[in-house]
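Below: structure.txt (compact mmCIF, C-alpha atoms)
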```
# COMPACT_ATOMS: atom_id res chain seq x y z
CA MET A 1 59.63 84.47 125.48
CA ASP A 2 63.04 83.54 126.82
CA GLU A 3 63.23 86.36 129.35
CA GLY A 4 65.84 85.63 131.95
CA ALA A 5 67.28 82.74 129.98
CA VAL A 6 70.99 82.56 129.26
CA LEU A 7 71.34 82.91 125.49
CA GLY A 8 75.09 82.75 125.30
CA HIS A 9 78.36 83.60 126.93
CA VAL A 10 81.83 84.85 126.18
CA ALA A 11 85.01 85.12 128.23
CA LEU A 12 88.15 87.18 128.01
CA THR A 13 91.30 85.38 129.10
CA ARG A 14 95.05 85.59 128.88
CA ALA A 15 96.21 84.49 125.41
CA ASP A 16 98.00 81.15 125.58
CA ASP A 17 101.51 80.71 124.23
CA SER A 18 100.55 79.24 120.87
CA LEU A 19 98.12 82.07 120.13
CA VAL A 20 100.68 84.67 121.22
CA GLN A 21 103.20 83.10 118.89
CA VAL A 22 100.90 83.20 115.87
CA VAL A 23 99.79 86.76 116.59
CA GLY A 24 103.41 87.80 117.04
CA ALA A 25 102.80 90.52 119.62
CA PRO A 26 103.74 90.67 123.33
CA ALA A 27 101.36 88.60 125.48
CA GLU A 28 100.97 91.49 127.95
CA GLY A 29 99.08 93.50 125.36
CA LEU A 30 96.65 90.77 124.33
CA ALA A 31 93.37 89.40 125.64
CA ALA A 32 91.94 86.22 124.15
CA VAL A 33 88.24 85.93 123.40
CA ALA A 34 87.25 82.48 124.61
CA ARG A 35 84.18 80.35 125.14
CA LEU A 36 82.10 82.33 122.67
CA PHE A 37 78.93 80.32 122.65
CA VAL A 38 75.31 80.93 121.73
CA ALA A 39 72.55 78.52 122.79
CA ALA A 40 71.23 76.54 119.84
CA THR A 41 67.72 77.89 120.32
CA ALA A 42 69.00 81.49 120.32
CA ARG A 43 71.22 81.33 117.24
CA GLY A 44 70.51 83.39 114.14
CA ARG A 45 69.67 86.51 116.12
CA GLY A 46 72.99 88.28 116.00
CA ILE A 47 73.86 87.38 119.58
CA ALA A 48 77.36 86.18 118.70
CA ARG A 49 78.05 89.57 117.12
CA VAL A 50 76.97 91.36 120.30
CA LEU A 51 79.04 89.06 122.51
CA LEU A 52 82.07 89.54 120.30
CA GLU A 53 81.65 93.30 120.35
CA THR A 54 81.23 93.26 124.14
CA ALA A 55 84.41 91.24 124.61
CA THR A 56 86.36 93.49 122.23
CA GLN A 57 85.21 96.61 124.08
CA ALA A 58 86.14 95.05 127.43
CA ALA A 59 89.63 94.35 126.09
CA ASP A 60 89.86 97.92 124.76
CA ALA A 61 88.86 99.25 128.17
CA LEU A 62 91.77 97.32 129.67
CA GLY A 63 94.12 98.70 127.04
CA LEU A 64 94.43 95.25 125.46
CA ARG A 65 93.99 94.03 121.91
CA ALA A 66 91.41 91.26 121.58
CA VAL A 67 92.58 88.15 119.73
CA LEU A 68 91.01 84.77 119.20
CA GLU A 69 91.56 81.42 117.62
CA VAL A 70 89.06 79.29 115.77
CA GLU A 71 89.16 75.78 114.35
CA SER A 72 89.80 76.01 110.63
CA GLY A 73 86.70 73.98 109.73
CA ALA A 74 84.28 76.27 111.53
CA ALA A 75 83.15 78.16 108.43
CA GLY A 76 80.24 79.84 110.19
CA ALA A 77 82.40 81.34 112.93
CA ILE A 78 85.21 82.25 110.54
CA GLY A 79 82.73 84.03 108.29
CA LEU A 80 81.37 86.00 111.23
CA TYR A 81 84.85 87.10 112.34
CA GLU A 82 85.94 88.11 108.86
CA ARG A 83 82.67 89.92 108.05
CA THR A 84 82.99 91.92 111.26
CA GLY A 85 86.50 93.07 110.43
CA TRP A 86 88.68 90.63 112.38
CA ARG A 87 91.99 90.16 110.63
CA PHE A 88 93.41 86.68 109.96
CA VAL A 89 97.02 86.64 111.11
CA GLY A 90 98.03 83.02 110.70
CA ALA A 91 97.28 79.38 111.32
CA ALA A 92 98.87 76.76 113.54
CA VAL A 93 98.46 73.06 114.22
CA ALA A 94 96.80 72.61 117.59
CA ASP A 95 97.56 69.92 120.17
CA TRP A 96 94.05 68.46 120.05
CA ILE A 97 92.27 66.22 117.58
CA ALA A 98 89.57 67.58 115.28
CA PRO A 99 86.43 65.58 114.39
CA ASP A 100 88.15 64.29 111.24
CA GLY A 101 90.73 62.47 113.37
CA GLN A 102 93.59 64.79 112.44
CA PHE A 103 95.27 67.37 114.64
CA ALA A 104 93.14 70.49 114.45
CA VAL A 105 94.36 73.53 112.57
CA VAL A 106 93.45 76.76 114.28
CA ARG A 107 93.28 80.18 112.67
CA ALA A 108 94.27 83.21 114.72
CA TYR A 109 92.48 86.56 114.41
CA VAL A 110 93.10 90.07 115.71
CA SER A 111 90.19 92.39 116.46
CA PRO A 112 89.51 95.40 114.28
CA ALA A 113 91.74 98.28 115.33
CA LYS A 114 89.84 100.99 117.14
CA ASP A 115 91.93 103.76 115.63
CA VAL A 116 91.24 102.64 112.08
CA VAL A 117 88.05 103.90 110.51
CA SER A 118 86.05 100.87 109.46
CA LEU A 119 84.55 101.09 106.03
CA MET B 1 73.40 86.18 77.52
CA SER B 2 75.06 88.06 80.36
CA MET B 3 78.80 87.86 80.76
CA PRO B 4 80.29 85.50 83.31
CA LEU B 5 81.15 86.93 86.71
CA LEU B 6 84.62 86.98 88.23
CA PHE B 7 84.53 86.99 92.02
CA LEU B 8 87.67 88.62 93.37
CA ASP B 9 89.09 88.13 96.84
CA VAL B 10 91.44 90.75 98.29
CA ASP B 11 93.64 89.37 101.08
CA GLY B 12 96.09 86.86 99.61
CA VAL B 13 94.87 87.52 96.08
CA VAL B 14 94.83 91.15 94.95
CA LEU B 15 96.80 92.03 98.10
CA PRO B 16 99.43 89.35 98.76
CA ILE B 17 99.83 88.33 102.39
CA GLY B 18 102.38 90.60 104.01
CA ALA B 19 102.02 93.33 101.38
CA GLU B 20 100.88 96.84 102.29
CA LEU B 21 98.34 98.89 100.37
CA ASP B 22 101.13 101.15 99.21
CA ASP B 23 102.86 98.18 97.59
CA LEU B 24 100.01 97.75 95.10
CA GLY B 25 100.82 98.66 91.52
CA THR B 26 98.52 99.69 88.73
CA ALA B 27 99.36 96.73 86.47
CA LEU B 28 96.81 94.25 87.79
CA GLY B 29 93.65 96.29 87.31
CA PRO B 30 93.88 96.66 83.52
CA GLN B 31 94.75 92.95 83.17
CA LEU B 32 91.59 92.06 85.06
CA ALA B 33 89.47 94.66 83.31
CA ALA B 34 90.52 93.20 79.95
CA LEU B 35 88.94 89.83 80.77
CA HIS B 36 85.62 89.05 79.18
CA CYS B 37 83.63 89.05 82.41
CA GLU B 38 81.99 91.25 85.02
CA LEU B 39 84.32 91.79 87.98
CA VAL B 40 82.78 91.60 91.45
CA TRP B 41 84.46 92.05 94.84
CA ALA B 42 84.02 88.95 96.96
CA THR B 43 85.99 89.90 100.04
CA ALA B 44 85.48 90.66 103.71
CA TRP B 45 86.58 94.19 102.76
CA GLU B 46 83.19 94.56 101.08
CA HIS B 47 82.82 98.22 99.97
CA GLY B 48 86.25 98.97 101.43
CA ALA B 49 87.67 97.21 98.38
CA ASN B 50 86.20 99.95 96.17
CA HIS B 51 87.53 102.68 98.47
CA GLU B 52 90.98 101.30 99.20
CA ILE B 53 91.91 98.79 96.52
CA ALA B 54 90.23 99.65 93.22
CA PRO B 55 91.82 103.10 92.75
CA ARG B 56 95.28 101.77 93.66
CA ILE B 57 95.26 99.00 91.08
CA GLY B 58 93.53 100.91 88.33
CA LEU B 59 90.06 99.42 88.51
CA PRO B 60 86.75 101.26 88.40
CA GLN B 61 84.24 100.86 91.21
CA LEU B 62 82.90 97.32 91.10
CA PRO B 63 79.80 95.56 92.38
CA VAL B 64 80.33 94.14 95.87
CA VAL B 65 79.07 90.92 97.40
CA GLU B 66 77.55 91.93 100.74
CA TRP B 67 77.77 89.00 103.11
CA ARG B 68 74.85 87.98 105.22
CA ASP B 69 74.75 86.08 108.47
CA THR B 70 74.35 82.36 108.02
CA THR B 71 71.85 80.05 109.68
CA VAL B 72 72.70 77.27 112.10
CA ALA B 73 71.83 74.67 109.45
CA GLU B 74 74.08 76.38 106.90
CA ASP B 75 76.97 76.56 109.35
CA ASP B 76 76.58 72.87 110.08
CA GLU B 77 76.50 71.99 106.39
CA ASP B 78 79.50 74.22 105.62
CA THR B 79 81.49 72.52 108.35
CA SER B 80 80.52 69.01 107.32
CA PHE B 81 81.45 69.68 103.69
CA SER B 82 84.60 71.63 104.66
CA LEU B 83 83.35 74.62 102.71
CA HIS B 84 84.67 78.12 102.71
CA TRP B 85 82.32 80.56 104.45
CA LYS B 86 81.83 82.50 101.20
CA THR B 87 80.93 79.56 98.98
CA ARG B 88 77.16 79.34 99.41
CA MET B 89 76.71 83.09 99.28
CA LEU B 90 78.60 83.33 95.98
CA VAL B 91 76.37 80.66 94.48
CA GLU B 92 73.39 82.71 95.69
CA TRP B 93 74.80 85.93 94.29
CA ALA B 94 75.56 84.35 90.91
CA ALA B 95 71.97 83.10 90.72
CA GLY B 96 72.81 80.71 87.92
CA ARG B 97 75.20 82.94 85.98
CA ASP B 98 78.53 81.39 84.99
CA PHE B 99 81.27 82.50 87.34
CA ALA B 100 84.95 82.23 88.08
CA TRP B 101 86.16 82.69 91.66
CA VAL B 102 89.74 83.50 92.58
CA ASP B 103 90.61 83.10 96.23
CA ASP B 104 93.58 81.88 98.25
CA GLU B 105 91.49 79.66 100.51
CA VAL B 106 89.26 77.68 98.17
CA THR B 107 89.59 73.91 97.96
CA ASP B 108 88.24 71.01 95.93
CA ALA B 109 85.43 70.77 98.50
CA ASP B 110 84.16 74.19 97.40
CA ALA B 111 84.41 73.26 93.72
CA ALA B 112 82.48 70.04 94.32
CA TRP B 113 79.75 71.75 96.32
CA ILE B 114 79.41 74.48 93.69
CA ALA B 115 79.16 71.89 90.92
CA GLU B 116 76.30 70.33 92.84
CA HIS B 117 74.43 73.53 93.76
CA HIS B 118 75.08 76.00 90.95
CA GLN B 119 73.12 75.93 87.70
CA GLY B 120 75.74 77.63 85.55
CA ARG B 121 79.38 76.79 84.91
CA ALA B 122 82.00 77.67 87.47
CA LEU B 123 85.77 77.89 87.80
CA VAL B 124 87.19 77.77 91.31
CA HIS B 125 90.77 78.96 91.06
CA ARG B 126 93.09 78.91 94.04
CA VAL B 127 95.77 81.58 94.29
CA GLN B 128 98.95 81.30 96.38
CA SER B 129 98.45 83.79 99.20
CA ALA B 130 102.09 84.79 99.57
CA GLY B 131 102.46 85.90 95.96
CA GLY B 132 98.89 86.91 95.26
CA LEU B 133 97.32 86.88 91.83
CA THR B 134 99.96 86.34 89.14
CA GLY B 135 99.93 86.79 85.38
CA GLY B 136 99.60 83.01 85.19
CA ASP B 137 96.47 83.07 87.33
CA VAL B 138 94.92 85.81 85.19
CA ALA B 139 95.79 83.84 82.04
CA ALA B 140 94.21 80.66 83.45
CA VAL B 141 91.00 82.52 84.25
CA GLY B 142 91.12 84.15 80.83
CA ARG B 143 91.37 80.76 79.11
CA TRP B 144 88.39 79.46 81.07
CA LEU B 145 86.38 82.56 80.17
CA GLN B 146 87.26 82.03 76.51
CA GLY B 147 86.04 78.46 76.78
CA VAL B 148 82.77 79.58 78.33
CA ARG B 149 82.37 82.11 75.56
CA GLY B 150 83.02 79.47 72.95
CA GLY B 151 80.55 77.14 74.56
CA ILE B 152 83.16 74.66 75.74
CA VAL B 153 82.00 73.10 78.97
CA GLY B 154 84.42 72.39 81.76
CA SER B 155 87.26 74.06 83.56
```

I'd like the structure from this file rewritten - as structure tokens, please.
Amino acid sequence: MDEGAVLGHVALTRADDSLVQVVGAPAEGLAAVARLFVAATARGRGIARVLLETATQAADALGLRAVLEVESGAAGAIGLYERTGWRFVGAAVADWIAPDGQFAVVRAYVSPAKDVVSL
Amino acid sequence: MSMPLLFLDVDGVVLPIGAELDDLGTALGPQLAALHCELVWATAWEHGANHEIAPRIGLPQLPVVEWRDTTVAEDDEDTSFSLHWKTRMLVEWAAGRDFAWVDDEVTDADAAWIAEHHQGRALVHRVQSAGGLTGGDVAAVGRWLQGVRGGIVGS
């Protein structure tokens, strides 16, 4: 039906200073999952899960720990991260304005550890 | 009538933020088990809470809320109402049964949404994540459960 269409994308980047600070680990060992996006017409099909897993594995392959940050009001995304084993490590006030007119609060997450058996 | 449910979070509640599994004592489990309710894990740990947490704090194996993926419309509504990601699924799970929910991340927005969408009575009780669930928290939930039992409406 949507063969050949782009359903979503994800990027792996260097973790910025604020994320590194919240995570509390050396920046050299981290890779930030960024631009995780699924097209509106393709949502609800588990694509975000696959993209997240792909990015985490790419970070693993580079010997890096995947981390990410998410706006604190994004319940859907936060639920996905927590259900898939990402660990909340702290929150910080961002330098950009959220839809409610206040400075955004972002929550930082660390990917599930590969050496820990997931239950 | 079935007993009220008590939805239990793990991180920041049963397991205070910064605490290790080995720090958990066996005092909390019996306090919770003594409440007049059915305990249910409502945590991202899902069945891991039964494997890793329950035996350490002296609780039997409990029912577990298994989270589902949400729809685009649900995500949008959750964001616009500033809801916690668990809120709507707990209302679903309760299916009209009275419930208390202890979590370190719940807000008045969750309580208001639950009041609007849940047929039974509900207590949304916020726990301080650094200290986790205290004797005071357990007592507050216990008082609410007593009230429910006695037919007193409200929280």

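Note that the spacing between atom CA of A:Val22 and atom CA of B:Trp45 amounts to 22.3 Å.
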
Neighbours of chain A in chain B at 9 Å, counting all atoms listed in the file, as a CSV table (one decimal) with C-alpha atoms, in the coordinates of the input:
```csv
chain,number,residue,atom,x,y,z
B,43,THR,CA,86.0,89.9,100.0
B,44,ALA,CA,85.5,90.7,103.7
B,45,TRP,CA,86.6,94.2,102.8
B,46,GLU,CA,83.2,94.6,101.1
B,47,HIS,CA,82.8,98.2,100.0
B,48,GLY,CA,86.2,99.0,101.4
B,51,HIS,CA,87.5,102.7,98.5
B,67,TRP,CA,77.8,89.0,103.1
B,68,ARG,CA,74.8,88.0,105.2
B,69,ASP,CA,74.8,86.1,108.5
B,70,THR,CA,74.4,82.4,108.0
B,71,THR,CA,71.8,80.0,109.7
B,72,VAL,CA,72.7,77.3,112.1
B,74,GLU,CA,74.1,76.4,106.9
B,75,ASP,CA,77.0,76.6,109.4
B,76,ASP,CA,76.6,72.9,110.1
B,78,ASP,CA,79.5,74.2,105.6
B,79,THR,CA,81.5,72.5,108.4
B,80,SER,CA,80.5,69.0,107.3
B,82,SER,CA,84.6,71.6,104.7
B,83,LEU,CA,83.4,74.6,102.7
B,84,HIS,CA,84.7,78.1,102.7
B,85,TRP,CA,82.3,80.6,104.4
B,86,LYS,CA,81.8,82.5,101.2
```

Residue contacts of B:Gly132 (12 Å, all atoms listed in the file) excluding same-chain residues fewer than 2 positions away, as a ChimeraX atom specification
/B:8-19,24,28,102-105,126-130,134-138

Tell me which residues come within 9 Å of (90.2, 86.1, 131.1), as an NGL selection string, counting only C-alpha atoms in the file's coordinates.
:A and (11-15 or 31-34)

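For the pair atom CA of A:Ala66 and atom CA of A:Pro112, the interatomic distance is 8.6 Å.
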
Please provide the set of residues having any atom within 7 Å of B:Trp101, restricted to only C-alpha atoms, with same-chain residues fewer than 2 positions apart removed, written as a PyMOL selection string.
chain B and resi 6-8+99+103+123-125

Kindly export the residues of the current selection with C-alpha atoms, as a compact mmCIF listing (two decimals), in the frame of the given file.
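The resulting file, selection.txt, is shown below:
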```txt
# COMPACT_ATOMS: atom_id res chain seq x y z
CA LEU B 6 84.62 86.98 88.23
CA PHE B 7 84.53 86.99 92.02
CA LEU B 8 87.67 88.62 93.37
CA PHE B 99 81.27 82.50 87.34
CA ASP B 103 90.61 83.10 96.23
CA LEU B 123 85.77 77.89 87.80
CA VAL B 124 87.19 77.77 91.31
CA HIS B 125 90.77 78.96 91.06
```

Students should find that atom CA of A:Ala58 and atom CA of A:Val20 are spaced 18.9 Å

Which residues come within 12 Å of B:His36, counting all atoms listed in the file, excluding same-chain residues fewer than 6 positions away, as a PyMOL selection string?
chain B and resi 2-6+98-100+138-139+141-150

Output as lines of an AutoDock Vina configuration file the centre and edge lengths (Å, one decimal) of the box along x, y and z of the file that holds every listed atom of stretch 103-113 of chain A after adding 6 Å on each side.
```
center_x = 92.4
center_y = 82.8
center_z = 114.5
size_x = 17.8
size_y = 42.9
size_z = 15.9
```

I need the residue nearest A:Arg35 from this list: A:Asp16, A:Ala92, A:Gln57, A:Glu69. Use all atoms listed in the file for the distance.
A:Glu69

Kindly output stretch 21-32 of chain A as a PDB file, in the coordinates of the input, after building all heavy atoms.
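out25.pdb, freshly written:
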```pdb
ATOM      1  N   GLN A  21     102.173  83.319 119.910  1.00  0.00           N
ATOM      2  CA  GLN A  21     103.200  83.100 118.890  1.00  0.00           C
ATOM      3  C   GLN A  21     102.676  83.402 117.486  1.00  0.00           C
ATOM      4  O   GLN A  21     103.355  84.040 116.690  1.00  0.00           O
ATOM      5  CB  GLN A  21     103.668  81.654 118.977  1.00  0.00           C
ATOM      6  CG  GLN A  21     105.023  81.439 118.330  1.00  0.00           C
ATOM      7  CD  GLN A  21     105.506  80.005 118.518  1.00  0.00           C
ATOM      8  OE1 GLN A  21     104.929  79.227 119.283  1.00  0.00           O
ATOM      9  NE2 GLN A  21     106.567  79.657 117.823  1.00  0.00           N
ATOM     10  N   VAL A  22     101.459  82.947 117.205  1.00  0.00           N
ATOM     11  CA  VAL A  22     100.900  83.200 115.870  1.00  0.00           C
ATOM     12  C   VAL A  22     100.637  84.685 115.669  1.00  0.00           C
ATOM     13  O   VAL A  22     100.901  85.240 114.606  1.00  0.00           O
ATOM     14  CB  VAL A  22      99.604  82.386 115.637  1.00  0.00           C
ATOM     15  CG1 VAL A  22      99.025  82.691 114.261  1.00  0.00           C
ATOM     16  CG2 VAL A  22      99.871  80.893 115.758  1.00  0.00           C
ATOM     17  N   VAL A  23     100.105  85.335 116.708  1.00  0.00           N
ATOM     18  CA  VAL A  23      99.790  86.760 116.590  1.00  0.00           C
ATOM     19  C   VAL A  23     101.083  87.573 116.453  1.00  0.00           C
ATOM     20  O   VAL A  23     101.140  88.562 115.726  1.00  0.00           O
ATOM     21  CB  VAL A  23      98.950  87.240 117.796  1.00  0.00           C
ATOM     22  CG1 VAL A  23      98.810  88.748 117.804  1.00  0.00           C
ATOM     23  CG2 VAL A  23      97.580  86.586 117.770  1.00  0.00           C
ATOM     24  N   GLY A  24     102.119  87.136 117.161  1.00  0.00           N
ATOM     25  CA  GLY A  24     103.410  87.800 117.040  1.00  0.00           C
ATOM     26  C   GLY A  24     103.477  89.156 117.732  1.00  0.00           C
ATOM     27  O   GLY A  24     104.133  90.070 117.249  1.00  0.00           O
ATOM     28  N   ALA A  25     102.752  89.288 118.834  1.00  0.00           N
ATOM     29  CA  ALA A  25     102.800  90.520 119.620  1.00  0.00           C
ATOM     30  C   ALA A  25     102.988  90.123 121.086  1.00  0.00           C
ATOM     31  O   ALA A  25     102.657  88.994 121.459  1.00  0.00           O
ATOM     32  CB  ALA A  25     101.507  91.314 119.444  1.00  0.00           C
ATOM     33  N   PRO A  26     103.508  91.021 121.919  1.00  0.00           N
ATOM     34  CA  PRO A  26     103.740  90.670 123.330  1.00  0.00           C
ATOM     35  C   PRO A  26     102.454  90.241 124.038  1.00  0.00           C
ATOM     36  O   PRO A  26     101.419  90.889 123.886  1.00  0.00           O
ATOM     37  CB  PRO A  26     104.289  91.961 123.935  1.00  0.00           C
ATOM     38  CG  PRO A  26     104.805  92.755 122.784  1.00  0.00           C
ATOM     39  CD  PRO A  26     103.939  92.388 121.610  1.00  0.00           C
ATOM     40  N   ALA A  27     102.532  89.155 124.800  1.00  0.00           N
ATOM     41  CA  ALA A  27     101.360  88.600 125.480  1.00  0.00           C
ATOM     42  C   ALA A  27     100.715  89.621 126.420  1.00  0.00           C
ATOM     43  O   ALA A  27      99.485  89.620 126.592  1.00  0.00           O
ATOM     44  CB  ALA A  27     101.772  87.359 126.265  1.00  0.00           C
ATOM     45  N   GLU A  28     101.512  90.522 126.980  1.00  0.00           N
ATOM     46  CA  GLU A  28     100.970  91.490 127.950  1.00  0.00           C
ATOM     47  C   GLU A  28      99.936  92.410 127.323  1.00  0.00           C
ATOM     48  O   GLU A  28      99.105  92.982 128.023  1.00  0.00           O
ATOM     49  CB  GLU A  28     102.088  92.374 128.554  1.00  0.00           C
ATOM     50  CG  GLU A  28     103.267  91.612 129.127  1.00  0.00           C
ATOM     51  CD  GLU A  28     104.255  91.190 128.039  1.00  0.00           C
ATOM     52  OE1 GLU A  28     104.896  92.048 127.436  1.00  0.00           O
ATOM     53  OE2 GLU A  28     104.324  89.965 127.784  1.00  0.00           O
ATOM     54  N   GLY A  29     100.009  92.577 126.009  1.00  0.00           N
ATOM     55  CA  GLY A  29      99.080  93.500 125.360  1.00  0.00           C
ATOM     56  C   GLY A  29      97.851  92.828 124.771  1.00  0.00           C
ATOM     57  O   GLY A  29      97.033  93.483 124.132  1.00  0.00           O
ATOM     58  N   LEU A  30      97.726  91.514 124.988  1.00  0.00           N
ATOM     59  CA  LEU A  30      96.650  90.770 124.330  1.00  0.00           C
ATOM     60  C   LEU A  30      95.634  90.207 125.326  1.00  0.00           C
ATOM     61  O   LEU A  30      95.976  89.894 126.463  1.00  0.00           O
ATOM     62  CB  LEU A  30      97.227  89.595 123.533  1.00  0.00           C
ATOM     63  CG  LEU A  30      98.290  89.916 122.491  1.00  0.00           C
ATOM     64  CD1 LEU A  30      98.797  88.630 121.853  1.00  0.00           C
ATOM     65  CD2 LEU A  30      97.747  90.864 121.437  1.00  0.00           C
ATOM     66  N   ALA A  31      94.408  90.092 124.877  1.00  0.00           N
ATOM     67  CA  ALA A  31      93.370  89.400 125.640  1.00  0.00           C
ATOM     68  C   ALA A  31      92.658  88.462 124.670  1.00  0.00           C
ATOM     69  O   ALA A  31      92.256  88.877 123.582  1.00  0.00           O
ATOM     70  CB  ALA A  31      92.375  90.387 126.229  1.00  0.00           C
ATOM     71  N   ALA A  32      92.545  87.203 125.051  1.00  0.00           N
ATOM     72  CA  ALA A  32      91.940  86.220 124.150  1.00  0.00           C
ATOM     73  C   ALA A  32      90.446  86.097 124.396  1.00  0.00           C
ATOM     74  O   ALA A  32      90.004  85.946 125.537  1.00  0.00           O
ATOM     75  CB  ALA A  32      92.611  84.867 124.326  1.00  0.00           C
TER      76      ALA A  32
END
```
